[in-house]
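Single-structure report; data block below.
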Amino acid sequence: MAGRESVSRLAGRYVVPRLPALAPDLNASFVREALDRAIHGIGPLAPAAVAAERRLRDAEGHARRALDAIVDDHVRYAGAQGLLTSVGGALTAVVTVPTNITGLALIQTRMVSAIAHLRGYDLDDPRVQDAVLACLLGEARVDALVRDRKIPAPPMALATAPAHDPDTHRVLAAEVTAELVAKVGGKRAAVAFTRKVPIVGGVVGMGVDGFDTWRIGDYAGSELRPRARR
């Protein structure tokens, strides 16, 4: 029991508050790299536009069904990596925390990018890329950033702005990084309470990451309204 208690304390009091120290490379540039890989593809993951077109064909041209399939796909991806990176305790966090954050960044940016393509947006347009990043933050955080004048507008308006603003891109990349670190930190705290049954931690991680991905997909689907596809 003493050993288990010490691991729990390490998770709750040491690992979670020091997530940035565990993953020093997780800065704004890592989010931009994840976005680039999501758009252009990496390894077995096809580019976001290719994934979107496949789902549109599967849905026989029905855009709403294709969008739902894209979200379902990525919820499963997020849940699977959430399961794998949440089994184990604080002593494995040095490996699993950065992996979980990086995996979520890639999966969620790919999902939103696929939705944007499906809705008729050009993923090579930096304004659209800003909109993708904004969607990752969710409606409440975006509204707060607009209210505080840290970004000029919500995703739809960013995607169709008259010009691209590099400062907005930098703010969004930094905000997405901080959001991902905070989410994984909160999840690690919850997982720490399941230390007596390690597999339960994996189930918690799967559920949290899957639900968060669904929530982002729902926001992106409602915010990025259809445009004429080229």
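Letters A, B, ... go to the chains of the structure tokens in the order shown; residues in each chain start at 1; ligands are counted from 1 in the same order.
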
| query | If you count only C-alpha atoms, which residues fall within 10 Å of segment 131-140 of chain A, apart from same-chain ones fewer than 5 positions away, as a ChimeraX atom specification? | reply | /A:31-32,35,105,108-116,123,126,145,151,153-160,168-169,171-180,212-213,215-221,223-224

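Residues in contact with Ile42 of chain A at 10 Å, where only C-alpha atoms are counted and same-chain residues fewer than 6 positions away are skipped, are listed as Ala34, Asp36 and Leu106 of chain A.
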
| In segment 139-180 of chain A, what's helix (DSSP H, G or I) per DSSP? Answer as a PyMOL selection string? | chain A and resi 139-147+155-159+166-180

Could those selected residues go to a file with N, CA and C atoms, as a short mmCIF file (atom, residue, chain, number, x, y, z; two decimals), in the first residue's frame?
```cif
data_model
loop_
_atom_site.label_atom_id
_atom_site.label_comp_id
_atom_site.auth_asym_id
_atom_site.auth_seq_id
_atom_site.Cartn_x
_atom_site.Cartn_y
_atom_site.Cartn_z
N GLU A 139 -15.65 26.45 -28.21
CA GLU A 139 -16.40 27.71 -28.28
C GLU A 139 -16.14 28.64 -27.10
N ALA A 140 -16.12 28.10 -25.88
CA ALA A 140 -15.96 28.96 -24.70
C ALA A 140 -14.62 29.67 -24.70
N ARG A 141 -13.56 28.95 -25.03
CA ARG A 141 -12.23 29.57 -25.04
C ARG A 141 -12.10 30.57 -26.17
N VAL A 142 -12.64 30.23 -27.33
CA VAL A 142 -12.60 31.18 -28.45
C VAL A 142 -13.34 32.46 -28.10
N ASP A 143 -14.52 32.32 -27.51
CA ASP A 143 -15.29 33.51 -27.12
C ASP A 143 -14.50 34.38 -26.15
N ALA A 144 -13.79 33.74 -25.21
CA ALA A 144 -12.99 34.50 -24.24
C ALA A 144 -11.84 35.23 -24.93
N LEU A 145 -11.18 34.57 -25.88
CA LEU A 145 -10.07 35.21 -26.58
C LEU A 145 -10.55 36.37 -27.44
N VAL A 146 -11.71 36.22 -28.05
CA VAL A 146 -12.28 37.33 -28.83
C VAL A 146 -12.66 38.48 -27.90
N ARG A 147 -13.28 38.16 -26.79
CA ARG A 147 -13.69 39.19 -25.83
C ARG A 147 -12.49 39.96 -25.28
N PRO A 155 -13.75 31.06 -35.58
CA PRO A 155 -13.17 30.34 -36.73
C PRO A 155 -13.72 30.72 -38.10
N MET A 156 -15.03 30.79 -38.26
CA MET A 156 -15.61 31.08 -39.57
C MET A 156 -15.10 32.41 -40.11
N ALA A 157 -15.07 33.41 -39.27
CA ALA A 157 -14.61 34.73 -39.71
C ALA A 157 -13.10 34.73 -39.96
N LEU A 158 -12.35 33.95 -39.20
CA LEU A 158 -10.91 33.86 -39.45
C LEU A 158 -10.65 33.24 -40.82
N ALA A 159 -11.41 32.21 -41.15
CA ALA A 159 -11.20 31.51 -42.41
C ALA A 159 -11.52 32.37 -43.63
N PRO A 166 -0.33 37.16 -39.09
CA PRO A 166 0.63 36.26 -38.44
C PRO A 166 0.56 36.30 -36.91
N ASP A 167 0.22 37.45 -36.35
CA ASP A 167 0.12 37.54 -34.89
C ASP A 167 -1.01 36.66 -34.36
N THR A 168 -2.12 36.62 -35.07
CA THR A 168 -3.22 35.75 -34.67
C THR A 168 -2.80 34.29 -34.70
N HIS A 169 -2.03 33.93 -35.71
CA HIS A 169 -1.55 32.54 -35.81
C HIS A 169 -0.67 32.20 -34.61
N ARG A 170 0.21 33.10 -34.22
CA ARG A 170 1.10 32.83 -33.09
C ARG A 170 0.30 32.68 -31.80
N VAL A 171 -0.68 33.54 -31.60
CA VAL A 171 -1.52 33.45 -30.40
C VAL A 171 -2.26 32.12 -30.36
N LEU A 172 -2.85 31.74 -31.48
CA LEU A 172 -3.61 30.49 -31.53
C LEU A 172 -2.74 29.27 -31.28
N ALA A 173 -1.55 29.23 -31.88
CA ALA A 173 -0.65 28.10 -31.68
C ALA A 173 -0.26 27.98 -30.21
N ALA A 174 0.02 29.10 -29.57
CA ALA A 174 0.38 29.07 -28.16
C ALA A 174 -0.81 28.64 -27.30
N GLU A 175 -1.99 29.13 -27.63
CA GLU A 175 -3.19 28.77 -26.86
C GLU A 175 -3.52 27.29 -26.99
N VAL A 176 -3.38 26.75 -28.19
CA VAL A 176 -3.67 25.33 -28.39
C VAL A 176 -2.67 24.48 -27.61
N THR A 177 -1.41 24.86 -27.62
CA THR A 177 -0.41 24.12 -26.84
C THR A 177 -0.77 24.12 -25.36
N ALA A 178 -1.09 25.30 -24.82
CA ALA A 178 -1.44 25.40 -23.40
C ALA A 178 -2.70 24.59 -23.10
N GLU A 179 -3.66 24.61 -24.00
CA GLU A 179 -4.91 23.87 -23.80
C GLU A 179 -4.66 22.36 -23.75
N LEU A 180 -3.84 21.87 -24.67
CA LEU A 180 -3.54 20.44 -24.70
C LEU A 180 -2.82 20.00 -23.43
#
```

| message | Taking only C-alpha atoms into account, name the residue in A:Gln81, A:Glu53, A:Ala38, A:Ala69 that is nearest to Val208 of chain A. | response | A:Gln81

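Between atom CA of Leu118 of chain A and atom CA of Gly41 of chain A there is a distance of 16.3 Å.
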
| field | All residues 6 Å or closer to segment 74-79 of chain A, only C-alpha atoms, same chain fewer than 6 positions away omitted, as an MDAnalysis selection string | value | chainID A and resid 206 209:210 213:214
